[in-house]
>>> print(open('model15.cif').read())   # mmCIF, C-alpha atoms (C1' of nucleotides)
data_work
loop_
_atom_site.label_atom_id
_atom_site.label_comp_id
_atom_site.auth_asym_id
_atom_site.auth_seq_id
_atom_site.Cartn_x
_atom_site.Cartn_y
_atom_site.Cartn_z
CA MET A 1 -8.19 -25.32 91.50
CA PRO A 2 -6.83 -26.66 88.25
CA ARG A 3 -5.90 -24.04 85.66
CA LEU A 4 -7.64 -23.73 82.35
CA GLY A 5 -4.76 -22.28 80.40
CA LEU A 6 -6.67 -19.34 79.04
CA ASN A 7 -5.03 -16.99 76.58
CA PRO A 8 -6.17 -14.08 74.39
CA HIS A 9 -6.90 -16.27 71.40
CA ARG A 10 -8.95 -18.75 73.38
CA LEU A 11 -10.92 -15.87 74.85
CA ALA A 12 -11.61 -14.49 71.39
CA LEU A 13 -12.83 -17.89 70.25
CA GLY A 14 -15.09 -18.29 73.26
CA GLY A 15 -16.27 -14.74 72.74
CA ALA A 16 -17.13 -15.51 69.12
CA GLU A 17 -19.21 -18.49 70.16
CA LEU A 18 -20.87 -16.43 72.85
CA ALA A 19 -21.60 -13.70 70.31
CA ASP A 20 -23.34 -16.19 68.03
CA GLU A 21 -25.46 -17.36 70.95
CA VAL A 22 -26.47 -14.10 72.58
CA GLY A 23 -25.50 -11.38 70.10
CA PHE A 24 -22.29 -9.41 69.75
CA GLU A 25 -23.63 -6.49 71.79
CA GLN A 26 -24.28 -8.81 74.72
CA VAL A 27 -20.72 -10.10 74.87
CA THR A 28 -19.48 -8.98 78.29
CA ALA A 29 -16.47 -9.94 80.35
CA SER A 30 -18.87 -11.26 82.98
CA ALA A 31 -20.70 -13.55 80.59
CA LEU A 32 -17.47 -14.83 79.09
CA ALA A 33 -15.98 -15.53 82.51
CA GLN A 34 -19.08 -17.51 83.47
CA ARG A 35 -18.80 -19.42 80.22
CA PHE A 36 -15.28 -20.49 81.15
CA GLY A 37 -16.22 -21.13 84.78
CA VAL A 38 -13.78 -18.48 85.93
CA LYS A 39 -14.04 -15.24 87.89
CA VAL A 40 -14.33 -12.01 85.92
CA ALA A 41 -11.11 -10.49 87.17
CA SER A 42 -9.18 -13.47 85.82
CA LEU A 43 -9.86 -12.41 82.26
CA TYR A 44 -7.98 -9.20 82.82
CA SER A 45 -4.71 -11.09 82.96
CA HIS A 46 -5.19 -11.82 79.27
CA ILE A 47 -7.01 -8.79 77.90
CA ARG A 48 -6.73 -5.14 78.75
CA SER A 49 -10.43 -4.31 78.48
CA THR A 50 -13.70 -5.59 77.09
CA HIS A 51 -13.10 -3.37 74.10
CA GLU A 52 -9.92 -5.25 73.35
CA LEU A 53 -11.89 -8.48 73.68
CA LYS A 54 -14.38 -7.26 71.10
CA VAL A 55 -11.63 -6.16 68.77
CA ARG A 56 -10.05 -9.60 69.02
CA ILE A 57 -13.37 -11.24 68.20
CA ALA A 58 -13.72 -8.93 65.20
CA LEU A 59 -10.24 -9.75 63.94
CA PHE A 60 -10.86 -13.45 64.37
CA ALA A 61 -14.15 -13.29 62.46
CA LEU A 62 -12.65 -11.16 59.70
CA ASP A 63 -9.93 -13.73 59.29
CA GLU A 64 -12.21 -16.72 59.34
CA LEU A 65 -14.48 -15.08 56.79
CA ALA A 66 -11.59 -14.24 54.46
CA ASP A 67 -10.40 -17.83 54.67
CA ARG A 68 -13.81 -19.08 53.64
CA ALA A 69 -14.01 -16.60 50.81
CA ALA A 70 -10.56 -17.54 49.51
CA GLU A 71 -11.46 -21.20 49.59
CA ALA A 72 -14.77 -20.62 47.82
CA LEU A 73 -13.07 -18.60 45.10
CA ALA A 74 -10.39 -21.15 44.34
CA GLY A 75 -10.85 -22.44 40.82
CA ARG A 76 -13.78 -20.17 40.03
CA ALA A 77 -14.06 -17.15 37.77
CA GLY A 78 -16.63 -14.77 36.37
CA LYS A 79 -20.23 -15.17 37.36
CA ASP A 80 -19.42 -18.36 39.20
CA ALA A 81 -16.93 -16.53 41.40
CA LEU A 82 -19.34 -13.64 41.98
CA PHE A 83 -22.04 -15.99 43.22
CA ALA A 84 -19.58 -17.92 45.35
CA LEU A 85 -18.25 -14.80 47.05
CA GLY A 86 -21.70 -13.39 47.66
CA ASN A 87 -22.89 -16.65 49.14
CA VAL A 88 -19.92 -16.92 51.46
CA TYR A 89 -20.81 -13.58 53.03
CA ARG A 90 -24.51 -14.28 53.26
CA ASP A 91 -24.05 -17.79 54.60
CA TYR A 92 -21.56 -16.63 57.17
CA ALA A 93 -23.95 -13.94 58.36
CA ARG A 94 -26.74 -16.48 58.78
CA GLU A 95 -24.56 -19.17 60.31
CA HIS A 96 -22.63 -16.88 62.64
CA PRO A 97 -24.69 -13.74 63.24
CA GLY A 98 -22.62 -12.69 66.24
CA ARG A 99 -19.30 -13.02 64.45
CA TYR A 100 -20.73 -11.32 61.41
CA ALA A 101 -21.83 -8.39 63.55
CA ALA A 102 -18.33 -8.36 65.00
CA THR A 103 -16.82 -7.85 61.55
CA HIS A 104 -18.54 -4.47 61.44
CA LEU A 105 -16.98 -3.19 64.62
CA ARG A 106 -15.22 0.09 63.89
CA LEU A 107 -11.48 -0.49 64.11
CA ASP A 108 -8.91 2.22 64.41
CA PRO A 109 -6.91 2.70 61.18
CA GLN A 110 -3.79 0.80 62.23
CA THR A 111 -5.73 -2.18 63.52
CA ALA A 112 -7.87 -2.17 60.40
CA ALA A 113 -4.81 -2.11 58.16
CA ALA A 114 -3.33 -5.08 59.99
CA SER A 115 -6.62 -7.00 59.86
CA ALA A 116 -7.91 -9.29 57.15
CA GLY A 117 -9.83 -6.28 55.76
CA PRO A 118 -7.41 -5.68 52.90
CA ARG A 119 -7.61 -9.37 52.05
CA HIS A 120 -11.35 -8.98 51.59
CA ALA A 121 -10.80 -6.15 49.17
CA GLN A 122 -8.29 -8.30 47.30
CA LEU A 123 -10.82 -11.10 47.00
CA ALA A 124 -13.41 -8.74 45.57
CA ARG A 125 -10.84 -7.52 43.05
CA ALA A 126 -10.10 -11.11 42.13
CA VAL A 127 -13.75 -11.67 41.31
CA LEU A 128 -13.88 -8.51 39.25
CA ARG A 129 -10.93 -9.61 37.14
CA GLY A 130 -13.48 -11.80 35.37
CA TYR A 131 -15.23 -8.68 34.14
CA GLN A 132 -13.53 -6.17 31.89
CA LEU A 133 -13.37 -3.03 34.03
CA ASP A 134 -10.82 -0.26 33.74
CA GLU A 135 -9.24 1.11 36.87
CA PRO A 136 -11.50 3.70 38.36
CA ALA A 137 -14.47 1.46 37.58
CA GLN A 138 -12.94 -1.54 39.30
CA THR A 139 -12.59 0.36 42.56
CA HIS A 140 -16.16 1.61 42.28
CA ALA A 141 -17.28 -1.95 41.68
CA VAL A 142 -15.37 -3.23 44.71
CA ARG A 143 -17.28 -0.71 46.79
CA LEU A 144 -20.58 -1.58 45.16
CA LEU A 145 -20.02 -5.24 45.91
CA GLY A 146 -19.08 -4.49 49.47
CA GLY A 147 -22.15 -2.33 49.88
CA VAL A 148 -24.57 -4.81 48.37
CA PHE A 149 -23.25 -7.84 50.24
CA HIS A 150 -23.06 -6.01 53.54
CA GLY A 151 -26.35 -4.25 53.07
CA PHE A 152 -28.29 -7.30 52.04
CA ALA A 153 -26.90 -9.56 54.74
CA SER A 154 -27.41 -6.88 57.33
CA LEU A 155 -31.02 -6.16 56.43
CA GLU A 156 -31.81 -9.84 56.10
CA LEU A 157 -30.32 -10.54 59.51
CA GLY A 158 -32.43 -7.76 60.97
CA GLY A 159 -35.50 -9.53 59.72
CA ALA A 160 -36.34 -6.74 57.29
CA PHE A 161 -37.31 -9.20 54.57
CA SER A 162 -38.87 -11.95 56.63
CA HIS A 163 -42.56 -12.72 56.57
CA SER A 164 -43.07 -11.25 53.13
CA THR A 165 -43.14 -12.74 49.68
CA PRO A 166 -41.20 -13.45 47.59
CA ASP A 167 -38.74 -14.87 50.10
CA SER A 168 -35.36 -13.26 50.48
CA GLU A 169 -33.64 -16.24 48.87
CA GLN A 170 -35.16 -15.28 45.53
CA SER A 171 -34.28 -11.62 45.98
CA TRP A 172 -30.72 -12.64 46.70
CA THR A 173 -30.43 -14.70 43.53
CA TRP A 174 -32.06 -11.93 41.56
CA THR A 175 -29.59 -9.45 43.05
CA LEU A 176 -26.57 -11.56 42.16
CA ASN A 177 -27.86 -11.98 38.62
CA ALA A 178 -28.42 -8.26 38.41
CA LEU A 179 -24.88 -7.54 39.57
CA ASP A 180 -23.51 -9.97 37.02
CA ALA A 181 -25.50 -8.37 34.22
CA LEU A 182 -24.44 -4.93 35.33
CA LEU A 183 -20.74 -5.75 35.49
CA SER A 184 -20.88 -7.63 32.18
CA ALA A 185 -22.44 -4.65 30.45
CA GLY A 186 -19.40 -2.58 31.30
CA PRO A 187 -19.05 0.74 33.12
CA PRO A 188 -22.19 2.88 32.95
CA ASP A 189 -20.18 6.04 33.15
CA ALA A 190 -22.36 8.11 30.91
CA GLY A 191 -25.08 9.94 32.85
CA MET B 1 -36.14 23.89 91.64
CA PRO B 2 -38.03 24.91 88.52
CA ARG B 3 -39.34 22.09 86.35
CA LEU B 4 -38.16 21.52 82.84
CA GLY B 5 -41.32 19.89 81.54
CA LEU B 6 -39.61 16.85 80.13
CA ASN B 7 -41.60 14.26 78.21
CA PRO B 8 -40.82 11.18 76.16
CA HIS B 9 -40.63 13.07 72.89
CA ARG B 10 -38.30 15.70 74.24
CA LEU B 11 -36.08 12.98 75.63
CA ALA B 12 -35.98 11.25 72.25
CA LEU B 13 -35.01 14.53 70.60
CA GLY B 14 -32.27 15.19 73.11
CA GLY B 15 -31.17 11.61 72.75
CA ALA B 16 -30.95 12.02 68.99
CA GLU B 17 -28.75 15.07 69.36
CA LEU B 18 -26.63 13.26 71.90
CA ALA B 19 -26.32 10.30 69.55
CA ASP B 20 -25.03 12.55 66.78
CA GLU B 21 -22.46 13.98 69.15
CA VAL B 22 -21.15 10.88 70.91
CA GLY B 23 -22.50 7.95 68.91
CA PHE B 24 -25.70 5.99 69.31
CA GLU B 25 -23.99 3.28 71.37
CA GLN B 26 -22.87 5.86 73.90
CA VAL B 27 -26.36 7.18 74.54
CA THR B 28 -27.01 6.41 78.20
CA ALA B 29 -29.64 7.57 80.65
CA SER B 30 -26.85 9.12 82.69
CA ALA B 31 -25.47 11.15 79.83
CA LEU B 32 -28.92 12.30 78.78
CA ALA B 33 -29.81 13.33 82.33
CA GLN B 34 -26.61 15.36 82.55
CA ARG B 35 -27.47 16.97 79.24
CA PHE B 36 -30.80 18.15 80.65
CA GLY B 37 -29.28 19.11 83.99
CA VAL B 38 -31.45 16.62 85.78
CA LYS B 39 -30.85 13.56 87.97
CA VAL B 40 -30.83 10.17 86.29
CA ALA B 41 -33.79 8.79 88.21
CA SER B 42 -35.95 11.64 86.93
CA LEU B 43 -35.86 10.25 83.42
CA TYR B 44 -37.60 7.12 84.59
CA SER B 45 -40.83 9.03 85.08
CA HIS B 46 -40.96 9.40 81.32
CA ILE B 47 -39.36 6.25 79.96
CA ARG B 48 -39.45 2.69 81.21
CA SER B 49 -35.85 1.82 80.37
CA THR B 50 -32.88 2.94 78.35
CA HIS B 51 -33.94 0.44 75.74
CA GLU B 52 -37.23 2.27 75.36
CA LEU B 53 -35.27 5.49 75.02
CA LYS B 54 -33.22 4.01 72.20
CA VAL B 55 -36.33 2.70 70.49
CA ARG B 56 -37.88 6.16 70.67
CA ILE B 57 -34.77 7.69 69.14
CA ALA B 58 -34.91 5.10 66.37
CA LEU B 59 -38.57 5.81 65.65
CA PHE B 60 -37.93 9.53 65.59
CA ALA B 61 -35.01 9.16 63.18
CA LEU B 62 -36.93 6.79 60.94
CA ASP B 63 -39.72 9.32 60.76
CA GLU B 64 -37.49 12.29 60.12
CA LEU B 65 -35.69 10.39 57.38
CA ALA B 66 -38.93 9.34 55.70
CA ASP B 67 -40.10 12.94 55.76
CA ARG B 68 -36.94 14.07 54.02
CA ALA B 69 -37.21 11.31 51.46
CA ALA B 70 -40.83 12.15 50.70
CA GLU B 71 -39.97 15.80 50.27
CA ALA B 72 -37.03 15.01 47.99
CA LEU B 73 -39.14 12.75 45.83
CA ALA B 74 -41.95 15.24 45.29
CA GLY B 75 -42.11 16.16 41.63
CA ARG B 76 -39.36 13.80 40.58
CA ALA B 77 -39.45 10.57 38.63
CA GLY B 78 -37.15 8.01 37.04
CA LYS B 79 -33.44 8.49 37.34
CA ASP B 80 -33.94 11.86 38.97
CA ALA B 81 -35.98 10.27 41.73
CA LEU B 82 -33.48 7.45 42.17
CA PHE B 83 -30.62 9.87 42.68
CA ALA B 84 -32.70 12.03 45.00
CA LEU B 85 -33.67 9.11 47.22
CA GLY B 86 -30.17 7.73 47.37
CA ASN B 87 -28.77 11.12 48.27
CA VAL B 88 -31.27 11.64 51.04
CA TYR B 89 -30.09 8.48 52.76
CA ARG B 90 -26.43 9.16 52.26
CA ASP B 91 -26.66 12.79 53.30
CA TYR B 92 -28.66 11.91 56.38
CA ALA B 93 -26.08 9.33 57.39
CA ARG B 94 -23.29 11.88 57.06
CA GLU B 95 -25.18 14.73 58.66
CA HIS B 96 -26.66 12.70 61.52
CA PRO B 97 -24.49 9.62 62.07
CA GLY B 98 -26.00 8.88 65.48
CA ARG B 99 -29.59 9.07 64.27
CA TYR B 100 -28.68 7.05 61.21
CA ALA B 101 -27.19 4.33 63.41
CA ALA B 102 -30.40 4.48 65.44
CA THR B 103 -32.47 3.64 62.36
CA HIS B 104 -30.75 0.25 62.30
CA LEU B 105 -31.74 -0.70 65.81
CA ARG B 106 -33.55 -4.02 65.71
CA LEU B 107 -37.21 -3.40 66.51
CA ASP B 108 -39.66 -6.05 67.52
CA PRO B 109 -42.18 -6.83 64.76
CA GLN B 110 -45.10 -4.82 66.14
CA THR B 111 -42.99 -1.74 66.77
CA ALA B 112 -41.42 -2.07 63.34
CA ALA B 113 -44.83 -2.33 61.71
CA ALA B 114 -46.00 0.83 63.46
CA SER B 115 -42.81 2.70 62.57
CA ALA B 116 -42.02 4.70 59.45
CA GLY B 117 -40.35 1.57 58.06
CA PRO B 118 -43.23 0.70 55.74
CA ARG B 119 -43.22 4.30 54.53
CA HIS B 120 -39.62 3.83 53.45
CA ALA B 121 -40.57 0.77 51.45
CA GLN B 122 -43.38 2.75 49.86
CA LEU B 123 -40.98 5.49 48.84
CA ALA B 124 -38.65 2.98 47.22
CA ARG B 125 -41.61 1.54 45.32
CA ALA B 126 -42.54 5.02 44.19
CA VAL B 127 -39.09 5.47 42.70
CA LEU B 128 -39.30 2.12 40.98
CA ARG B 129 -42.56 3.05 39.30
CA GLY B 130 -40.40 5.00 36.91
CA TYR B 131 -38.86 1.76 35.71
CA GLN B 132 -40.90 -0.97 34.06
CA LEU B 133 -40.67 -3.86 36.48
CA ASP B 134 -43.20 -6.63 36.94
CA GLU B 135 -44.21 -7.65 40.42
CA PRO B 136 -41.70 -10.10 41.75
CA ALA B 137 -38.93 -8.00 40.24
CA GLN B 138 -40.17 -4.82 41.88
CA THR B 139 -39.91 -6.37 45.33
CA HIS B 140 -36.45 -7.67 44.55
CA ALA B 141 -35.48 -4.21 43.41
CA VAL B 142 -36.83 -2.61 46.60
CA ARG B 143 -34.57 -4.93 48.56
CA LEU B 144 -31.61 -4.26 46.29
CA LEU B 145 -32.06 -0.53 46.74
CA GLY B 146 -32.35 -0.91 50.49
CA GLY B 147 -29.24 -3.04 50.55
CA VAL B 148 -27.14 -0.75 48.40
CA PHE B 149 -28.14 2.45 50.15
CA HIS B 150 -27.73 0.98 53.59
CA GLY B 151 -24.55 -0.86 52.74
CA PHE B 152 -22.86 2.06 51.08
CA ALA B 153 -23.77 4.59 53.76
CA SER B 154 -22.78 2.19 56.47
CA LEU B 155 -19.39 1.34 55.01
CA GLU B 156 -18.70 4.97 54.18
CA LEU B 157 -19.57 6.00 57.72
CA GLY B 158 -17.21 3.36 59.05
CA GLY B 159 -14.43 4.97 57.12
CA ALA B 160 -14.00 1.96 54.87
CA PHE B 161 -13.55 4.14 51.79
CA SER B 162 -11.67 7.06 53.25
CA HIS B 163 -8.06 7.78 52.50
CA SER B 164 -8.15 5.97 49.18
CA THR B 165 -8.71 7.10 45.63
CA PRO B 166 -10.98 7.62 43.86
CA ASP B 167 -12.97 9.32 46.60
CA SER B 168 -16.21 7.79 47.73
CA GLU B 169 -18.22 10.61 46.15
CA GLN B 170 -17.31 9.29 42.71
CA SER B 171 -18.05 5.72 43.68
CA TRP B 172 -21.43 6.84 44.91
CA THR B 173 -22.31 8.57 41.65
CA TRP B 174 -21.00 5.58 39.72
CA THR B 175 -23.16 3.29 41.86
CA LEU B 176 -26.32 5.34 41.31
CA ASN B 177 -25.68 5.38 37.56
CA ALA B 178 -25.11 1.65 37.66
CA LEU B 179 -28.40 1.08 39.48
CA ASP B 180 -30.22 3.25 36.96
CA ALA B 181 -28.71 1.33 34.06
CA LEU B 182 -29.55 -1.95 35.73
CA LEU B 183 -33.16 -1.08 36.39
CA SER B 184 -33.62 0.42 32.94
CA ALA B 185 -32.34 -2.74 31.29
CA GLY B 186 -35.19 -4.67 32.83
CA PRO B 187 -35.22 -7.79 34.96
CA PRO B 188 -32.11 -9.94 34.46
CA ASP B 189 -34.07 -13.05 35.35
CA ALA B 190 -32.32 -15.35 32.95
CA GLY B 191 -29.21 -16.91 34.44
"C1'" DC C 1 13.27 -34.41 94.55
"C1'" DG C 2 13.18 -29.35 96.85
"C1'" DG C 3 13.52 -24.55 96.16
"C1'" DC C 4 12.85 -20.45 92.90
"C1'" DT C 5 10.37 -17.89 89.62
"C1'" DT C 6 6.54 -17.12 86.80
"C1'" DT C 7 1.99 -17.21 85.85
"C1'" DG C 8 -3.09 -18.00 86.38
"C1'" DC C 9 -6.68 -17.54 89.01
"C1'" DC C 10 -8.46 -15.81 93.26
"C1'" DT C 11 -10.75 -12.18 96.81
"C1'" DA C 12 -11.78 -7.55 97.63
"C1'" DA C 13 -13.04 -3.13 96.48
"C1'" DA C 14 -13.76 1.21 93.67
"C1'" DC C 15 -16.36 3.02 90.02
"C1'" DA C 16 -20.10 3.77 86.41
"C1'" DG C 17 -24.69 2.85 84.55
"C1'" DT C 18 -29.59 1.01 85.35
"C1'" DT C 19 -33.54 0.70 87.82
"C1'" DT C 20 -36.93 0.92 91.80
"C1'" DA C 21 -39.06 2.98 96.08
"C1'" DG C 22 -40.61 6.60 98.47
"C1'" DG C 23 -40.75 11.73 99.51
"C1'" DA C 24 -41.26 16.87 98.76
"C1'" DA C 25 -42.57 20.57 96.26
"C1'" DA C 26 -44.31 22.71 91.84
"C1'" DA C 27 -48.22 22.91 88.77
"C1'" DA C 28 -52.94 22.02 87.72
"C1'" DA C 29 -57.72 21.31 89.02
"C1'" DA C 30 -61.43 21.88 92.16
"C1'" DT D 1 -57.71 27.92 98.95
"C1'" DT D 2 -57.59 22.99 99.13
"C1'" DT D 3 -56.84 18.85 96.73
"C1'" DT D 4 -54.77 16.19 93.28
"C1'" DT D 5 -51.38 15.21 90.05
"C1'" DT D 6 -47.00 15.49 88.21
"C1'" DT D 7 -42.09 16.30 88.26
"C1'" DC D 8 -38.15 15.95 90.18
"C1'" DC D 9 -35.44 14.54 94.17
"C1'" DT D 10 -32.54 11.29 97.59
"C1'" DA D 11 -31.34 6.72 98.66
"C1'" DA D 12 -30.23 2.22 97.69
"C1'" DA D 13 -29.95 -2.35 95.19
"C1'" DC D 14 -28.02 -4.48 91.30
"C1'" DT D 15 -24.99 -5.51 87.16
"C1'" DG D 16 -20.85 -4.90 84.62
"C1'" DT D 17 -15.83 -2.98 84.37
"C1'" DT D 18 -11.49 -2.49 86.10
"C1'" DT D 19 -7.46 -2.40 89.42
"C1'" DA D 20 -4.62 -4.09 93.48
"C1'" DG D 21 -2.75 -7.51 95.96
"C1'" DG D 22 -2.43 -12.57 97.40
"C1'" DC D 23 -1.90 -17.61 97.05
"C1'" DA D 24 -1.02 -21.68 94.83
"C1'" DA D 25 -0.07 -24.27 90.48
"C1'" DA D 26 3.35 -24.98 86.62
"C1'" DG D 27 7.76 -24.66 84.80
"C1'" DC D 28 12.83 -24.44 85.55
"C1'" DC D 29 17.26 -25.56 87.82
"C1'" DG D 30 20.26 -27.49 91.13
#
>>> encode(input="model15.cif", output="structure tokens")
Amino acid sequence: MPRLGLNPHRLALGGAELADEVGFEQVTASALAQRFGVKVASLYSHIRSTHELKVRIALFALDELADRAAEALAGRAGKDALFALGNVYRDYAREHPGRYAATHLRLDPQTAAASAGPRHAQLARAVLRGYQLDEPAQTHAVRLLGGVFHGFASLELGGAFSHSTPDSEQSWTWTLNALDALLSAGPPDAG
Amino acid sequence: MPRLGLNPHRLALGGAELADEVGFEQVTASALAQRFGVKVASLYSHIRSTHELKVRIALFALDELADRAAEALAGRAGKDALFALGNVYRDYAREHPGRYAATHLRLDPQTAAASAGPRHAQLARAVLRGYQLDEPAQTHAVRLLGGVFHGFASLELGGAFSHSTPDSEQSWTWTLNALDALLSAGPPDAG
DNA sequence: CGGCTTTGCCTAAACAGTTTAGGAAAAAAA
DNA sequence: TTTTTTTCCTAAACTGTTTAGGCAAAGCCG
């Protein structure tokens, strides 16, 4: 029996592909072992538990997504950057639904801090530099952006907007325009 | 052995409570049977599968949430209604994290159509009546609202905003004010 | 190359959750 | 009371997780 040379990273990669095919929830050690043509127990030489496997998939996806976002943002500012960042998230969710779902796995604080999570926040802040927002407002806006991107992608992925007009593409563009207008108009702090 | 008089609805209710205690993912037939002091196999007289159990919990939560939203919206309009609706979702997510997670279970189209889902869309439309939006824009706005509420509650629940200043309460208020300002300003259709 | 260590994958088995089949007794209907 | 239905039970098959221990391939050293 020739060896495959498995390792934690390769398992995470295979797990990510598997997640895109069958859904993140359905990623099991059994299925992954089958995918590699290996017995289940063999995986446990490389990972401690299926939970660790899922965490590794999440970290990988978070990283990949941050890379894409950073690349998309290079050389862009203002509205252009806002649209680019939004589209990176939405496109990733549609292209890699399993990995996208993985990015929402709850991580314990230390793991989260060491993940690409903070990088995502930094990227959002970079986009917001194009709009004149003072400090508390900028943090609020980071959260708003996170909420809108996550919420929209998540609902769209769940099919909440399918089979109804106008199509979600138009709602997405409308939403990005709305965010741009909102941020341009400055903080709406007055009740 | 006296009978408990279990039925699908009672199981869904118990499942909802269990979900709030241990998380929606951790709701299993075994755990629920233990909770009722009954053997696992007994549950299968009332439900076909654990998936059906989860669907029933989701439908129950969706219904309960729509009821709360409808009650909160009664006698309110405009910004007042917007804040009320947003707070219902956020409060429900914080008060009943397991049930809230259940509301995001993917339902097959027929089940979704028969659920309280459409009622939620109706409630969002009712809020938006307070703002002058023409038809395509109103649908976009329904989706934006859904995205923001869902995204914010979801991220907040995941602890994404905890342990950082300003606290998420302020970001939430800021976000609601921003949405109100945005909707009041009319459709930002021009690029 | 031949022997030593390390490592990767194996078999085997314990454990937990799901699901079905068939039985006994409580509750309801006659 | 007798009959029927319903509710819960025991038992067992099946899938996925996880650990223990073994054998052989890969890597290292003379």
>>> residues_around(input="model15.cif", residues="DT17 of chain D", least_positions_apart="3", cutoff="12 Å", atoms="all atoms listed in the file", output="list in words")
Thr28, Ala29, Ser30, Val40, Ala41, Leu43, Tyr44, Arg48, Ser49, Thr50 and His51 of chain A; DA14, DC15, DA16 and DG17 of chain C
>>> atom_distance(input="model15.cif", atom1="atom CA of Val142 of chain A", atom2="atom CA of Arg99 of chain B")
27.1 Å
>>> interface_residues(input="model15.cif", of="chain B", to="chain A", cutoff="6 Å", atoms="only C-alpha atoms", output="CSV table (one decimal) with C-alpha atoms, in the coordinates of the input")
chain,number,residue,atom,x,y,z
B,140,HIS,CA,-36.4,-7.7,44.6
B,147,GLY,CA,-29.2,-3.0,50.6
B,148,VAL,CA,-27.1,-0.8,48.4
B,150,HIS,CA,-27.7,1.0,53.6
B,151,GLY,CA,-24.6,-0.9,52.7
B,152,PHE,CA,-22.9,2.1,51.1
B,171,SER,CA,-18.0,5.7,43.7
B,178,ALA,CA,-25.1,1.6,37.7
B,182,LEU,CA,-29.6,-2.0,35.7
B,188,PRO,CA,-32.1,-9.9,34.5
>>> interface_residues(input="model15.cif", of="chain C", to="chain B", cutoff="9 Å", atoms="only C-alpha atoms (C1' of nucleotides)", output="VMD selection string")
chain C and resid 17 to 19 25 to 26
>>> interface_residues(input="model15.cif", of="chain D", to="chain B", cutoff="10 Å", atoms="only C-alpha atoms (C1' of nucleotides)", output="ChimeraX atom specification")
/D:6-10
>>> resolve_selection(input="model15.cif", expression="the PyMOL selection byres ((chain A and resi 21) around 12)", output="number ranges by chain")
A: 14-20, 22-27, 31-32, 35, 95-99
>>> residues_near_point(input="model15.cif", point="(-29.4, 10.6, 58.2)", cutoff="10 Å", atoms="only C-alpha atoms (C1' of nucleotides)", output="ChimeraX atom specification")
/B:20,61-62,64-66,68,87-103,153
>>> atom_distance(input="model15.cif", atom1="atom CA of Glu71 of chain B", atom2="atom CA of His9 of chain B")
22.8 Å
>>> resolve_selection(input="model15.cif", expression="the PyMOL selection byres ((chain D and resi 22) around 9)", output="MDAnalysis selection string")
(chainID C and resid 10:11) or (chainID D and resid 21 23)
>>> axis_aligned_box(input="model15.cif", around="segment 44-62 of chain B", padding_each_side="8 Å", output="lines of an AutoDock Vina configuration file")
center_x = -36.9
center_y = 5.0
center_z = 73.0
size_x = 24.1
size_y = 25.1
size_z = 40.1
>>> closest_residue(input="model15.cif", among="C:DC9, C:DA24, C:DA30, C:DC4", to="DT4 of chain D", atoms="only C-alpha atoms (C1' of nucleotides)")
C:DA30
>>> atom_distance(input="model15.cif", atom1="atom CA of Arg10 of chain A", atom2="atom CA of Phe36 of chain A")
10.2 Å
>>> residues_around(input="model15.cif", residues="Val127 of chain A", least_positions_apart="6", cutoff="8 Å", atoms="only C-alpha atoms (C1' of nucleotides)", output="ChimeraX atom specification")
/A:73,77-78,81-82,85
>>> resolve_selection(input="model15.cif", expression="the PyMOL selection byres ((chain D and resi 27) around 8)", output="ChimeraX atom specification")
/C:6 /D:26,28
>>> residues_around(input="model15.cif", residues="Ile57 of chain B", least_positions_apart="3", cutoff="6 Å", atoms="all atoms listed in the file", output="list in words")
Ala12, Ala16, Lys54 and Phe60 of chain B
>>> closest_residue(input="model15.cif", among="D:DT19, D:DA24, D:DG30, D:DA12", to="DA21 of chain C", atoms="all atoms listed in the file")
D:DA12
>>> residues_around(input="model15.cif", residues="Ile47 of chain A", least_positions_apart="6", cutoff="9 Å", atoms="all atoms listed in the file", output="list in words")
Asn7, Pro8, Leu11 and Leu53 of chain A
>>> build_atoms(input="model15.cif", residues="segment 44-49 of chain B", atoms="N, CA, C and O atoms", output="PDB file, keeping the file's coordinate frame")
ATOM      1  N   TYR B  44     -36.770   8.320  84.533  1.00  0.00           N
ATOM      2  CA  TYR B  44     -37.600   7.120  84.590  1.00  0.00           C
ATOM      3  C   TYR B  44     -39.063   7.403  84.868  1.00  0.00           C
ATOM      4  O   TYR B  44     -39.883   6.490  84.914  1.00  0.00           O
ATOM      5  N   SER B  45     -39.408   8.670  85.020  1.00  0.00           N
ATOM      6  CA  SER B  45     -40.830   9.030  85.080  1.00  0.00           C
ATOM      7  C   SER B  45     -41.400   9.076  83.673  1.00  0.00           C
ATOM      8  O   SER B  45     -42.612   9.018  83.474  1.00  0.00           O
ATOM      9  N   HIS B  46     -40.505   9.192  82.699  1.00  0.00           N
ATOM     10  CA  HIS B  46     -40.960   9.400  81.320  1.00  0.00           C
ATOM     11  C   HIS B  46     -40.709   8.200  80.427  1.00  0.00           C
ATOM     12  O   HIS B  46     -41.433   7.993  79.447  1.00  0.00           O
ATOM     13  N   ILE B  47     -39.676   7.451  80.733  1.00  0.00           N
ATOM     14  CA  ILE B  47     -39.360   6.250  79.960  1.00  0.00           C
ATOM     15  C   ILE B  47     -39.218   5.068  80.907  1.00  0.00           C
ATOM     16  O   ILE B  47     -38.867   5.234  82.068  1.00  0.00           O
ATOM     17  N   ARG B  48     -39.496   3.882  80.381  1.00  0.00           N
ATOM     18  CA  ARG B  48     -39.450   2.690  81.210  1.00  0.00           C
ATOM     19  C   ARG B  48     -38.011   2.211  81.389  1.00  0.00           C
ATOM     20  O   ARG B  48     -37.657   1.687  82.427  1.00  0.00           O
ATOM     21  N   SER B  49     -37.216   2.354  80.358  1.00  0.00           N
ATOM     22  CA  SER B  49     -35.850   1.820  80.370  1.00  0.00           C
ATOM     23  C   SER B  49     -35.012   2.535  79.324  1.00  0.00           C
ATOM     24  O   SER B  49     -35.553   3.247  78.470  1.00  0.00           O
TER      25      SER B  49
END
